[in-house]
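Visitor: Here you go, query-v7.txt (compact mmCIF, C-alpha atoms):
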# COMPACT_ATOMS: atom_id res chain seq x y z
CA MET A 723 -28.92 -26.25 -81.36
CA ILE A 724 -26.51 -24.70 -83.86
CA GLU A 725 -23.05 -26.23 -83.81
CA LEU A 726 -20.02 -24.75 -85.54
CA GLU A 727 -16.88 -26.82 -86.01
CA HIS A 728 -13.62 -25.38 -87.35
CA ILE A 729 -15.32 -22.66 -89.39
CA CYS A 730 -12.93 -20.72 -91.63
CA VAL A 731 -13.76 -17.96 -94.11
CA SER A 732 -11.36 -16.06 -96.34
CA TYR A 733 -11.88 -13.14 -98.71
CA GLY A 734 -9.28 -12.78 -101.46
CA GLY A 735 -6.86 -14.93 -99.50
CA THR A 736 -7.27 -12.86 -96.33
CA PRO A 737 -8.69 -14.81 -93.37
CA ALA A 738 -11.94 -13.40 -91.97
CA LEU A 739 -12.69 -16.30 -89.62
CA SER A 740 -10.13 -18.76 -88.30
CA ASP A 741 -11.09 -22.15 -86.86
CA VAL A 742 -14.21 -21.05 -84.98
CA THR A 743 -15.76 -23.88 -82.98
CA THR A 744 -18.71 -23.14 -80.70
CA VAL A 745 -22.35 -23.97 -79.91
CA PHE A 746 -25.50 -21.84 -79.82
CA PRO A 747 -28.03 -23.64 -77.59
CA ASP A 748 -31.72 -23.92 -78.40
CA GLY A 749 -33.79 -21.19 -76.78
CA GLY A 750 -30.78 -19.04 -75.94
CA PHE A 751 -30.22 -15.32 -76.41
CA THR A 752 -26.64 -14.88 -77.60
CA CYS A 753 -24.83 -11.71 -78.60
CA ILE A 754 -21.76 -11.83 -80.82
CA ILE A 755 -19.46 -8.92 -79.97
CA GLY A 756 -16.07 -7.73 -81.16
CA PRO A 757 -14.23 -4.77 -82.68
CA ASN A 758 -14.85 -3.61 -86.24
CA GLY A 759 -13.54 -6.16 -88.71
CA GLY A 760 -13.52 -8.87 -86.06
CA GLY A 761 -15.62 -11.27 -88.14
CA LYS A 762 -19.02 -10.88 -86.47
CA SER A 763 -21.11 -10.35 -89.61
CA THR A 764 -19.10 -12.96 -91.48
CA LEU A 765 -19.86 -15.54 -88.81
CA LEU A 766 -23.56 -14.76 -88.94
CA ARG A 767 -23.62 -15.05 -92.74
CA ALA A 768 -21.77 -18.36 -92.59
CA MET A 769 -24.32 -19.68 -90.09
CA ALA A 770 -27.10 -18.62 -92.45
CA GLY A 771 -25.39 -20.37 -95.35
CA LEU A 772 -24.80 -17.09 -97.20
CA SER A 773 -20.99 -17.01 -97.11
CA PRO A 774 -18.75 -19.82 -98.36
CA TYR A 775 -16.85 -21.49 -95.53
CA THR A 776 -14.85 -24.53 -94.64
CA GLY A 777 -15.75 -26.57 -91.61
CA THR A 778 -19.16 -27.74 -90.48
CA VAL A 779 -22.37 -25.98 -89.49
CA ARG A 780 -25.00 -28.27 -87.97
CA VAL A 781 -28.53 -27.15 -87.20
CA GLY A 782 -30.56 -29.51 -85.05
CA GLY A 783 -27.88 -32.13 -85.61
CA VAL A 784 -28.11 -31.91 -89.42
CA ASP A 785 -25.39 -30.47 -91.64
CA LEU A 786 -26.56 -27.11 -92.97
CA SER A 787 -25.40 -27.98 -96.48
CA GLY A 788 -27.79 -30.96 -96.50
CA LEU A 789 -30.91 -28.97 -95.65
CA SER A 790 -33.38 -28.07 -98.38
CA ARG A 791 -34.39 -24.44 -98.85
CA ARG A 792 -37.66 -25.04 -97.03
CA ALA A 793 -36.03 -26.99 -94.19
CA ARG A 794 -33.44 -24.25 -93.76
CA ALA A 795 -36.21 -21.62 -93.62
CA GLU A 796 -37.92 -23.62 -90.86
CA GLN A 797 -34.73 -23.53 -88.82
CA LEU A 798 -33.08 -20.16 -89.53
CA ALA A 799 -34.28 -16.62 -90.27
CA TYR A 800 -31.63 -14.01 -91.08
CA LEU A 801 -31.95 -10.23 -90.93
CA PRO A 802 -28.92 -8.37 -92.34
CA GLN A 803 -27.81 -4.95 -91.17
CA SER A 804 -28.38 -3.24 -94.52
CA ARG A 805 -31.54 -3.90 -96.50
CA PRO A 806 -33.21 -2.43 -99.58
CA ILE A 807 -36.34 -0.32 -99.22
CA PRO A 808 -38.58 -1.57 -102.02
CA ASP A 809 -41.60 0.43 -103.13
CA ILE A 810 -44.16 -2.01 -101.71
CA ASP A 811 -46.69 -1.94 -98.90
CA VAL A 812 -46.00 -3.29 -95.44
CA ARG A 813 -48.29 -6.32 -95.73
CA THR A 814 -46.49 -7.45 -98.88
CA LEU A 815 -43.08 -7.17 -97.27
CA ILE A 816 -44.13 -9.13 -94.19
CA SER A 817 -45.61 -11.76 -96.50
CA HIS A 818 -42.14 -12.27 -97.98
CA GLY A 819 -41.29 -14.07 -94.76
CA ARG A 820 -43.55 -16.92 -95.91
CA PHE A 821 -42.02 -17.23 -99.40
CA PRO A 822 -39.34 -19.81 -98.48
CA HIS A 823 -42.16 -22.16 -97.42
CA LEU A 824 -44.15 -21.79 -100.64
CA GLY A 825 -43.90 -23.35 -104.07
CA PHE A 826 -43.12 -21.53 -107.31
CA SER A 827 -46.52 -19.83 -107.35
CA LYS A 828 -45.75 -17.98 -104.11
CA THR A 829 -49.46 -18.13 -103.29
CA LEU A 830 -50.24 -17.62 -99.62
CA THR A 831 -52.49 -20.14 -97.92
CA ALA A 832 -54.92 -19.27 -95.14
CA LYS A 833 -52.28 -20.40 -92.63
CA ASP A 834 -49.68 -18.13 -94.24
CA ARG A 835 -51.99 -15.13 -94.10
CA THR A 836 -52.74 -15.84 -90.45
CA LEU A 837 -49.02 -15.96 -89.65
CA VAL A 838 -48.52 -12.64 -91.43
CA GLU A 839 -51.31 -11.02 -89.41
CA GLU A 840 -49.97 -12.48 -86.15
CA ALA A 841 -46.44 -11.28 -86.91
CA ALA A 842 -47.71 -7.78 -87.65
CA GLU A 843 -49.70 -7.72 -84.42
CA ARG A 844 -46.86 -9.06 -82.32
CA THR A 845 -44.36 -6.51 -83.58
CA GLY A 846 -46.71 -3.55 -83.41
CA CYS A 847 -46.98 -3.28 -87.20
CA ALA A 848 -50.70 -3.92 -87.54
CA PRO A 849 -51.54 -0.19 -87.91
CA LEU A 850 -48.94 0.05 -90.69
CA LEU A 851 -50.15 -2.81 -92.91
CA GLY A 852 -51.69 -0.59 -95.59
CA ARG A 853 -48.83 1.91 -95.77
CA ARG A 854 -45.90 1.98 -98.18
CA LEU A 855 -42.55 0.94 -96.78
CA ARG A 856 -40.85 4.08 -98.06
CA GLU A 857 -43.27 6.26 -96.10
CA LEU A 858 -42.14 4.86 -92.75
CA SER A 859 -39.58 6.09 -90.27
CA GLY A 860 -36.41 4.11 -89.65
CA GLY A 861 -37.81 2.64 -86.45
CA GLU A 862 -41.07 1.65 -88.13
CA ARG A 863 -39.24 0.00 -91.02
CA GLN A 864 -37.08 -1.97 -88.60
CA ARG A 865 -40.19 -3.31 -86.90
CA VAL A 866 -41.65 -4.28 -90.28
CA TYR A 867 -38.53 -6.19 -91.26
CA LEU A 868 -38.57 -7.93 -87.90
CA ALA A 869 -42.23 -8.81 -88.54
CA MET A 870 -41.16 -10.38 -91.84
CA VAL A 871 -38.64 -12.51 -89.95
CA VAL A 872 -41.24 -13.44 -87.32
CA ALA A 873 -43.68 -14.45 -90.07
CA GLN A 874 -41.07 -16.87 -91.40
CA ASP A 875 -41.65 -18.78 -88.14
CA ALA A 876 -38.11 -20.13 -87.90
CA ARG A 877 -36.76 -21.65 -84.72
CA ALA A 878 -33.71 -19.36 -84.65
CA ILE A 879 -33.48 -15.68 -85.59
CA LEU A 880 -30.10 -14.28 -86.68
CA LEU A 881 -29.80 -10.48 -86.61
CA ASP A 882 -26.86 -8.34 -87.68
CA GLU A 883 -26.73 -5.19 -85.53
CA PRO A 884 -30.49 -4.58 -85.65
CA CYS A 885 -30.25 -1.44 -83.50
CA THR A 886 -27.94 0.41 -85.91
CA TYR A 887 -29.35 3.78 -87.05
CA LEU A 888 -32.16 3.66 -84.46
CA ASP A 889 -32.56 6.25 -81.71
CA ILE A 890 -32.52 4.98 -78.14
CA ARG A 891 -36.31 4.76 -77.83
CA HIS A 892 -36.60 2.57 -80.90
CA GLN A 893 -33.60 0.51 -79.80
CA LEU A 894 -35.32 -0.27 -76.51
CA GLU A 895 -38.57 -1.13 -78.29
CA LEU A 896 -36.74 -3.50 -80.62
CA LEU A 897 -34.88 -5.18 -77.76
CA ALA A 898 -38.18 -5.65 -75.91
CA LEU A 899 -39.60 -7.37 -79.01
CA LEU A 900 -36.58 -9.67 -79.20
CA GLU A 901 -36.88 -10.53 -75.52
CA ASP A 902 -40.56 -11.36 -76.04
CA LEU A 903 -39.63 -13.68 -78.91
CA HIS A 904 -36.95 -15.24 -76.75
CA ARG A 905 -39.39 -15.88 -73.90
CA SER A 906 -41.71 -17.59 -76.36
CA GLY A 907 -38.98 -20.11 -77.18
CA ARG A 908 -37.17 -18.62 -80.17
CA THR A 909 -33.39 -18.79 -80.30
CA ILE A 910 -31.98 -15.27 -80.72
CA ILE A 911 -28.46 -14.73 -82.09
CA MET A 912 -27.55 -11.07 -82.49
CA VAL A 913 -24.45 -9.22 -83.58
CA ALA A 914 -24.09 -6.12 -81.39
CA HIS A 915 -21.57 -3.30 -81.12
CA ASP A 916 -23.00 -1.59 -78.02
CA LEU A 917 -21.34 -3.45 -75.13
CA PRO A 918 -23.63 -2.36 -72.23
CA GLN A 919 -26.63 -3.22 -74.38
CA ALA A 920 -25.24 -6.61 -75.43
CA PHE A 921 -24.24 -7.58 -71.88
CA SER A 922 -27.63 -6.51 -70.53
CA CYS A 923 -29.87 -8.36 -72.98
CA ALA A 924 -27.90 -11.54 -73.68
CA GLY A 925 -27.76 -14.73 -71.68
CA SER A 926 -24.38 -15.49 -73.21
CA LEU A 927 -21.82 -13.69 -75.36
CA LYS A 928 -19.17 -14.68 -77.85
CA LEU A 929 -16.19 -12.39 -78.49
CA LEU A 930 -14.60 -12.38 -81.94
CA ASP A 931 -11.32 -10.53 -82.42
CA GLY A 932 -9.39 -10.76 -85.67
CA GLY A 933 -11.60 -13.60 -86.84
CA ILE A 934 -10.79 -15.69 -83.78
CA LEU A 935 -13.21 -16.66 -81.02
CA THR A 936 -11.22 -15.39 -78.04
CA ALA A 937 -13.79 -15.69 -75.25
CA GLU A 938 -17.36 -16.79 -74.58
CA GLY A 939 -19.66 -17.16 -71.62
CA PRO A 940 -22.40 -15.51 -69.57
CA PRO A 941 -22.23 -11.74 -69.03
CA PHE A 942 -21.00 -11.75 -65.43
CA GLU A 943 -18.12 -14.06 -66.38
CA LEU A 944 -17.16 -12.44 -69.67
CA CYS A 945 -17.10 -8.87 -68.29
CA ALA A 946 -13.97 -9.77 -66.30
CA HIS A 947 -12.23 -11.61 -69.14
CA PRO A 948 -8.88 -10.06 -70.19
CA ALA A 949 -9.71 -10.67 -73.88
CA LEU A 950 -12.38 -7.98 -73.60
CA ASN A 951 -9.84 -5.32 -72.73
CA ARG A 952 -7.45 -6.53 -75.43
CA ALA A 953 -10.22 -6.26 -78.03
CA PHE A 954 -11.70 -2.91 -77.04
CA GLY A 955 -9.18 -1.14 -74.80
CA ALA A 956 -12.04 -0.97 -72.31
CA SER A 957 -13.98 -3.27 -70.05
CA VAL A 958 -17.52 -3.82 -68.84
CA ARG A 959 -18.76 -3.74 -65.27
CA PRO A 960 -22.13 -4.42 -63.62
CA ASP A 961 -24.11 -1.23 -63.03
CA ASP A 962 -26.71 -1.26 -60.27
CA ARG A 963 -27.40 2.48 -60.20
CA PRO A 964 -31.18 3.04 -60.14
CA ASP A 965 -31.06 5.52 -63.04
CA SER A 966 -28.97 3.29 -65.32
CA LEU A 967 -30.41 2.35 -68.69
CA TYR A 968 -28.64 -1.01 -68.76
CA ARG A 969 -27.39 -3.50 -66.17
CA PHE A 970 -23.78 -3.05 -67.34
CA ARG A 971 -21.60 -0.10 -68.24
CA THR A 972 -18.37 0.38 -70.18
CA VAL A 973 -15.33 1.55 -68.21
CA SER A 974 -11.97 2.73 -69.47
CA MET A 975 -8.87 0.80 -68.57
CA PRO A 976 -5.65 2.40 -67.31
Would you write the structure of this file as structure tokens?

Guide:
Amino acid sequence: MIELEHICVSYGGTPALSDVTTVFPDGGFTCIIGPNGGGKSTLLRAMAGLSPYTGTVRVGGVDLSGLSRRARAEQLAYLPQSRPIPDIDVRTLISHGRFPHLGFSKTLTAKDRTLVEEAAERTGCAPLLGRRLRELSGGERQRVYLAMVVAQDARAILLDEPCTYLDIRHQLELLALLEDLHRSGRTIIMVAHDLPQAFSCAGSLKLLDGGILTAEGPPFELCAHPALNRAFGASVRPDDRPDSLYRFRTVSMP
């Protein structure tokens, strides 16, 4: 379980998050939604310990600030929206997921190499292991970065808009991978900007607007919440049409 209590973040004196208190349960699939500038990415970075904040973040009942680098890596894996594309091969990049668990030598053990192979297989990257990262398509690279996160073998995976820049086919493939990880017991926490997609894949949602947590709950409850319309000028409704891509759709408000 990840518990946030009174989390505040400011940049240059401007509040980015204001008194956010909430809980992400173990084994859940949660989407953080909100308009641009609402504080979604900031919240994710604070949870990962990458942005300075006031308040308390507890992971498994332990204050995040008290966890060692290795203990934090066992609990949390973080995949940002923008990432470099180093000139290395796929196997090497996936192996980076094991680095937080290693000593200064960064020498992989037999167990580490097995986890790298399993992560590549699970994410469909096994055929890409010998290729250079810069040779891959955007969808292939996204799978490789997800494989790196899987290889880290953390209990919770934090992803910042992982479907950005992907075409719809690769978005659906990525979401299927995340759902597979979720079914296997991983906690998934994902920032998303596509409302029908977020409502369809998440078990619960948290709405950030102006750095304030204005609503949270399961999809069928949150889709009727007035804060949704205030944030987006639109709402979300269940969609049971047989040809619909997702289980929810966005509707305009009068």

Visitor: Atom CA of A:Pro808 to atom CA of A:Gly852: how many Å, to one decimal?

Guide: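 Straight-line distance from atom CA of A:Pro808 to atom CA of A:Gly852 works out to 14.6 Å.
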
Visitor: So that I can see what lies close to A:Thr752, please list as a compact mmCIF listing (two decimals) with C-alpha atoms, keeping the file's coordinate frame the residues with an atom at most 7 Å from it, counting all atoms listed in the file and leaving out residues fewer than 4 positions away in the same chain.

Guide:
# COMPACT_ATOMS: atom_id res chain seq x y z
CA ILE A 910 -31.98 -15.27 -80.72
CA ILE A 911 -28.46 -14.73 -82.09
CA MET A 912 -27.55 -11.07 -82.49
CA ALA A 924 -27.90 -11.54 -73.68
CA GLY A 925 -27.76 -14.73 -71.68
CA SER A 926 -24.38 -15.49 -73.21
CA LEU A 927 -21.82 -13.69 -75.36

Visitor: Identify which of the residues A:Val973, A:Leu815, A:Ala898, A:Leu824 lies closest to A:Gly846, counting all atoms listed in the file when measuring atom-to-atom distances.

Guide: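 For A:Gly846, the nearest of the candidates is A:Ala898.
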
Visitor: Please determine, counting only C-alpha atoms, which residue among A:Asp875, A:Asp811, A:Pro747, A:Leu881 has the shortest atom-to-atom distance to A:Ala770.

Guide: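 Residue with the minimum atom-to-atom distance to A:Ala770: A:Leu881.
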
Visitor: Can you sort out the box for stretch 928-935 of chain A, edges along x, y and z, all listed atoms in, 3 Å on every side, with centre and edge lengths in Å to one decimal, as lines of an AutoDock Vina configuration file?

Guide:
center_x = -14.3
center_y = -13.6
center_z = -82.3
size_x = 15.8
size_y = 12.1
size_z = 15.0

Visitor: For atom CA of A:Ser732 and atom CA of A:Ala768, determine how far apart the two atoms are, in Å to one decimal place.

Guide: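 Between atom CA of A:Ser732 and atom CA of A:Ala768 the gap is 11.3 Å.
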
Visitor: Excluding same-chain residues fewer than 5 positions from A:Cys885, what lies within 9 Å of it counting only C-alpha atoms, as a ChimeraX atom specification?

Guide: /A:803,864,890,892-894,896-897,914

Visitor: Let me see the file: selected residues, C-alpha atoms, as a compact mmCIF listing (two decimals), in the coordinates of the input.

Guide:
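Final output, saved to out.txt:
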# COMPACT_ATOMS: atom_id res chain seq x y z
CA GLN A 803 -27.81 -4.95 -91.17
CA GLN A 864 -37.08 -1.97 -88.60
CA ILE A 890 -32.52 4.98 -78.14
CA HIS A 892 -36.60 2.57 -80.90
CA GLN A 893 -33.60 0.51 -79.80
CA LEU A 894 -35.32 -0.27 -76.51
CA LEU A 896 -36.74 -3.50 -80.62
CA LEU A 897 -34.88 -5.18 -77.76
CA ALA A 914 -24.09 -6.12 -81.39

Visitor: Please check which residues have atoms at most 6 Å from (-31.7, 4.2, -89.4) in the file's coordinates, counting only C-alpha atoms, and write them as a list in words.

Guide: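 Residues satisfying the cut-off, written out: Gly860, Tyr887 and Leu888 of chain A.
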
Visitor: Could you list as a PDB file with C-alpha atoms, in the coordinates of the input every residue that has an atom within 8 Å of (-39.2, -21.8, -79.4), using the file's coordinates and counting all atoms listed in the file?

Guide:
ATOM      1  CA  ASP A 748     -31.720 -23.920 -78.400  1.00  0.00           C
ATOM      2  CA  GLY A 749     -33.790 -21.190 -76.780  1.00  0.00           C
ATOM      3  CA  ARG A 877     -36.760 -21.650 -84.720  1.00  0.00           C
ATOM      4  CA  ALA A 878     -33.710 -19.360 -84.650  1.00  0.00           C
ATOM      5  CA  HIS A 904     -36.950 -15.240 -76.750  1.00  0.00           C
ATOM      6  CA  SER A 906     -41.710 -17.590 -76.360  1.00  0.00           C
ATOM      7  CA  GLY A 907     -38.980 -20.110 -77.180  1.00  0.00           C
ATOM      8  CA  ARG A 908     -37.170 -18.620 -80.170  1.00  0.00           C
ATOM      9  CA  THR A 909     -33.390 -18.790 -80.300  1.00  0.00           C
TER      10      THR A 909
END

Visitor: When you look at A:Thr814 with a cut-off of 10 Å (counting all atoms listed in the file), what residues show up, excluding the ones that are within fewer than 5 positions of it in the same chain? I need them as an NGL selection string.

Guide: :A and (819 or 838 or 851-852 or 854-855 or 870)

Visitor: Output C-alpha atoms for every residue in that selection, as a PDB file, keeping the file's coordinate frame.

Guide:
ATOM      1  CA  GLY A 819     -41.290 -14.070 -94.760  1.00  0.00           C
ATOM      2  CA  VAL A 838     -48.520 -12.640 -91.430  1.00  0.00           C
ATOM      3  CA  LEU A 851     -50.150  -2.810 -92.910  1.00  0.00           C
ATOM      4  CA  GLY A 852     -51.690  -0.590 -95.590  1.00  0.00           C
ATOM      5  CA  ARG A 854     -45.900   1.980 -98.180  1.00  0.00           C
ATOM      6  CA  LEU A 855     -42.550   0.940 -96.780  1.00  0.00           C
ATOM      7  CA  MET A 870     -41.160 -10.380 -91.840  1.00  0.00           C
TER       8      MET A 870
END

Visitor: Please compute the atom CA of A:His915-atom CA of A:Gly782 distance, one decimal, in Å.

Guide: 28.0 Å

Visitor: Report as JSON, numbers by chain all protein, DNA and RNA residues lying within 12 Å of A:Pro802, evaluated on all atoms listed in the file, omitting residues in the same chain fewer than 3 positions from it.

Guide: {"A": [762, 763, 764, 766, 767, 770, 772, 799, 805, 806, 864, 867, 868, 871, 879, 880, 881, 882, 883, 884, 885, 886, 912, 913]}

Visitor: Using all atoms listed in the file, which residue out of A:His823, A:Thr936, A:Tyr733, A:Phe751 lies closest to A:Asp902?

Guide: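 The shortest atom-to-atom distance to A:Asp902 comes from A:Phe751.
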
Visitor: Considering all atoms listed in the file, state which residue in the set A:Leu900, A:Leu858, A:Cys730, A:Leu798 is at the smallest distance from A:Thr845.

Guide: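 Of A:Leu900, A:Leu858, A:Cys730, A:Leu798, the one nearest A:Thr845 is A:Leu900, counting all atoms listed in the file.
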
Visitor: So which one's closest to A:Pro960, A:Glu796, A:Glu943, A:Glu727, A:Glu839? Using all atoms listed in the file, please.

Guide: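 Among A:Glu796, A:Glu943, A:Glu727, A:Glu839, it is A:Glu943 that comes nearest to A:Pro960.
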
Visitor: For A:Gln919, which residue among A:Leu726, A:Leu944, A:Leu950, A:Cys753 is the nearest when counting only C-alpha atoms?

Guide: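 Among A:Leu726, A:Leu944, A:Leu950, A:Cys753, it is A:Cys753 that comes nearest to A:Gln919.
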
Visitor: List as a list of chain:residue names the protein and nucleic acid residues near A:Thr829, meaning an atom at most 12 Å away when only C-alpha atoms are counted, but skip any in the same chain fewer than 4 places from it.

Guide: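 Listing them by chain and then by number gives A:Thr814, A:Ser817, A:His818, A:Arg820, A:Phe821, A:Pro822, A:His823, A:Leu824, A:Gly825, A:Lys833, A:Asp834, A:Arg835.
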
Visitor: Because the input lacks atoms here, generate all heavy atoms for stretch 877-887 of chain A and report them as a PDB file, keeping the file's coordinate frame.

Guide:
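The new file part-v1.pdb reads:
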ATOM      1  N   ARG A 877     -37.097 -21.370 -86.114  1.00  0.00           N
ATOM      2  CA  ARG A 877     -36.760 -21.650 -84.720  1.00  0.00           C
ATOM      3  C   ARG A 877     -35.687 -20.701 -84.179  1.00  0.00           C
ATOM      4  O   ARG A 877     -35.658 -20.395 -82.999  1.00  0.00           O
ATOM      5  CB  ARG A 877     -36.293 -23.102 -84.580  1.00  0.00           C
ATOM      6  CG  ARG A 877     -37.386 -24.126 -84.830  1.00  0.00           C
ATOM      7  CD  ARG A 877     -36.873 -25.544 -84.682  1.00  0.00           C
ATOM      8  NE  ARG A 877     -37.951 -26.511 -84.815  1.00  0.00           N
ATOM      9  CZ  ARG A 877     -38.364 -27.015 -85.963  1.00  0.00           C
ATOM     10  NH1 ARG A 877     -37.768 -26.646 -87.084  1.00  0.00           N
ATOM     11  NH2 ARG A 877     -39.356 -27.881 -86.009  1.00  0.00           N
ATOM     12  N   ALA A 878     -34.788 -20.267 -85.055  1.00  0.00           N
ATOM     13  CA  ALA A 878     -33.710 -19.360 -84.650  1.00  0.00           C
ATOM     14  C   ALA A 878     -33.722 -18.115 -85.518  1.00  0.00           C
ATOM     15  O   ALA A 878     -33.923 -18.193 -86.731  1.00  0.00           O
ATOM     16  CB  ALA A 878     -32.355 -20.052 -84.750  1.00  0.00           C
ATOM     17  N   ILE A 879     -33.512 -16.960 -84.890  1.00  0.00           N
ATOM     18  CA  ILE A 879     -33.480 -15.680 -85.590  1.00  0.00           C
ATOM     19  C   ILE A 879     -32.074 -15.110 -85.475  1.00  0.00           C
ATOM     20  O   ILE A 879     -31.566 -14.917 -84.368  1.00  0.00           O
ATOM     21  CB  ILE A 879     -34.518 -14.711 -85.015  1.00  0.00           C
ATOM     22  CG1 ILE A 879     -35.927 -15.287 -85.166  1.00  0.00           C
ATOM     23  CG2 ILE A 879     -34.426 -13.361 -85.706  1.00  0.00           C
ATOM     24  CD1 ILE A 879     -37.008 -14.434 -84.532  1.00  0.00           C
ATOM     25  N   LEU A 880     -31.448 -14.831 -86.610  1.00  0.00           N
ATOM     26  CA  LEU A 880     -30.100 -14.280 -86.680  1.00  0.00           C
ATOM     27  C   LEU A 880     -30.197 -12.827 -87.122  1.00  0.00           C
ATOM     28  O   LEU A 880     -30.745 -12.540 -88.194  1.00  0.00           O
ATOM     29  CB  LEU A 880     -29.236 -15.068 -87.666  1.00  0.00           C
ATOM     30  CG  LEU A 880     -28.689 -16.440 -87.264  1.00  0.00           C
ATOM     31  CD1 LEU A 880     -29.764 -17.394 -86.788  1.00  0.00           C
ATOM     32  CD2 LEU A 880     -27.899 -17.059 -88.428  1.00  0.00           C
ATOM     33  N   LEU A 881     -29.671 -11.906 -86.313  1.00  0.00           N
ATOM     34  CA  LEU A 881     -29.800 -10.480 -86.610  1.00  0.00           C
ATOM     35  C   LEU A 881     -28.431  -9.813 -86.555  1.00  0.00           C
ATOM     36  O   LEU A 881     -27.671  -9.983 -85.601  1.00  0.00           O
ATOM     37  CB  LEU A 881     -30.720  -9.792 -85.590  1.00  0.00           C
ATOM     38  CG  LEU A 881     -32.099 -10.412 -85.364  1.00  0.00           C
ATOM     39  CD1 LEU A 881     -32.131 -11.142 -84.028  1.00  0.00           C
ATOM     40  CD2 LEU A 881     -33.182  -9.359 -85.402  1.00  0.00           C
ATOM     41  N   ASP A 882     -28.139  -9.022 -87.588  1.00  0.00           N
ATOM     42  CA  ASP A 882     -26.860  -8.340 -87.680  1.00  0.00           C
ATOM     43  C   ASP A 882     -27.041  -6.870 -87.283  1.00  0.00           C
ATOM     44  O   ASP A 882     -27.542  -6.063 -88.076  1.00  0.00           O
ATOM     45  CB  ASP A 882     -26.300  -8.452 -89.098  1.00  0.00           C
ATOM     46  CG  ASP A 882     -24.843  -8.027 -89.181  1.00  0.00           C
ATOM     47  OD1 ASP A 882     -24.304  -7.529 -88.174  1.00  0.00           O
ATOM     48  OD2 ASP A 882     -24.241  -8.196 -90.260  1.00  0.00           O
ATOM     49  N   GLU A 883     -26.649  -6.550 -86.062  1.00  0.00           N
ATOM     50  CA  GLU A 883     -26.730  -5.190 -85.530  1.00  0.00           C
ATOM     51  C   GLU A 883     -28.079  -4.534 -85.823  1.00  0.00           C
ATOM     52  O   GLU A 883     -28.154  -3.498 -86.498  1.00  0.00           O
ATOM     53  CB  GLU A 883     -25.573  -4.334 -86.062  1.00  0.00           C
ATOM     54  CG  GLU A 883     -24.210  -4.870 -85.644  1.00  0.00           C
ATOM     55  CD  GLU A 883     -23.097  -3.848 -85.774  1.00  0.00           C
ATOM     56  OE1 GLU A 883     -23.384  -2.638 -85.762  1.00  0.00           O
ATOM     57  OE2 GLU A 883     -21.936  -4.260 -85.871  1.00  0.00           O
ATOM     58  N   PRO A 884     -29.152  -5.102 -85.318  1.00  0.00           N
ATOM     59  CA  PRO A 884     -30.490  -4.580 -85.650  1.00  0.00           C
ATOM     60  C   PRO A 884     -30.774  -3.201 -85.081  1.00  0.00           C
ATOM     61  O   PRO A 884     -31.718  -2.546 -85.529  1.00  0.00           O
ATOM     62  CB  PRO A 884     -31.424  -5.628 -85.029  1.00  0.00           C
ATOM     63  CG  PRO A 884     -30.640  -6.223 -83.898  1.00  0.00           C
ATOM     64  CD  PRO A 884     -29.221  -6.258 -84.399  1.00  0.00           C
ATOM     65  N   CYS A 885     -29.993  -2.746 -84.108  1.00  0.00           N
ATOM     66  CA  CYS A 885     -30.250  -1.440 -83.500  1.00  0.00           C
ATOM     67  C   CYS A 885     -29.505  -0.294 -84.196  1.00  0.00           C
ATOM     68  O   CYS A 885     -29.691   0.870 -83.826  1.00  0.00           O
ATOM     69  CB  CYS A 885     -29.871  -1.456 -82.021  1.00  0.00           C
ATOM     70  SG  CYS A 885     -30.951  -2.509 -81.010  1.00  0.00           S
ATOM     71  N   THR A 886     -28.685  -0.621 -85.183  1.00  0.00           N
ATOM     72  CA  THR A 886     -27.940   0.410 -85.910  1.00  0.00           C
ATOM     73  C   THR A 886     -28.908   1.394 -86.563  1.00  0.00           C
ATOM     74  O   THR A 886     -29.926   1.005 -87.128  1.00  0.00           O
ATOM     75  CB  THR A 886     -27.051  -0.222 -86.983  1.00  0.00           C
ATOM     76  OG1 THR A 886     -26.142  -1.120 -86.349  1.00  0.00           O
ATOM     77  CG2 THR A 886     -26.258   0.825 -87.741  1.00  0.00           C
ATOM     78  N   TYR A 887     -28.593   2.666 -86.456  1.00  0.00           N
ATOM     79  CA  TYR A 887     -29.350   3.780 -87.050  1.00  0.00           C
ATOM     80  C   TYR A 887     -30.662   4.075 -86.309  1.00  0.00           C
ATOM     81  O   TYR A 887     -31.424   4.956 -86.731  1.00  0.00           O
ATOM     82  CB  TYR A 887     -29.682   3.518 -88.536  1.00  0.00           C
ATOM     83  CG  TYR A 887     -28.490   3.125 -89.362  1.00  0.00           C
ATOM     84  CD1 TYR A 887     -28.502   1.973 -90.129  1.00  0.00           C
ATOM     85  CD2 TYR A 887     -27.333   3.909 -89.377  1.00  0.00           C
ATOM     86  CE1 TYR A 887     -27.399   1.591 -90.890  1.00  0.00           C
ATOM     87  CE2 TYR A 887     -26.225   3.534 -90.125  1.00  0.00           C
ATOM     88  CZ  TYR A 887     -26.271   2.387 -90.881  1.00  0.00           C
ATOM     89  OH  TYR A 887     -25.180   2.014 -91.621  1.00  0.00           O
TER      90      TYR A 887
END
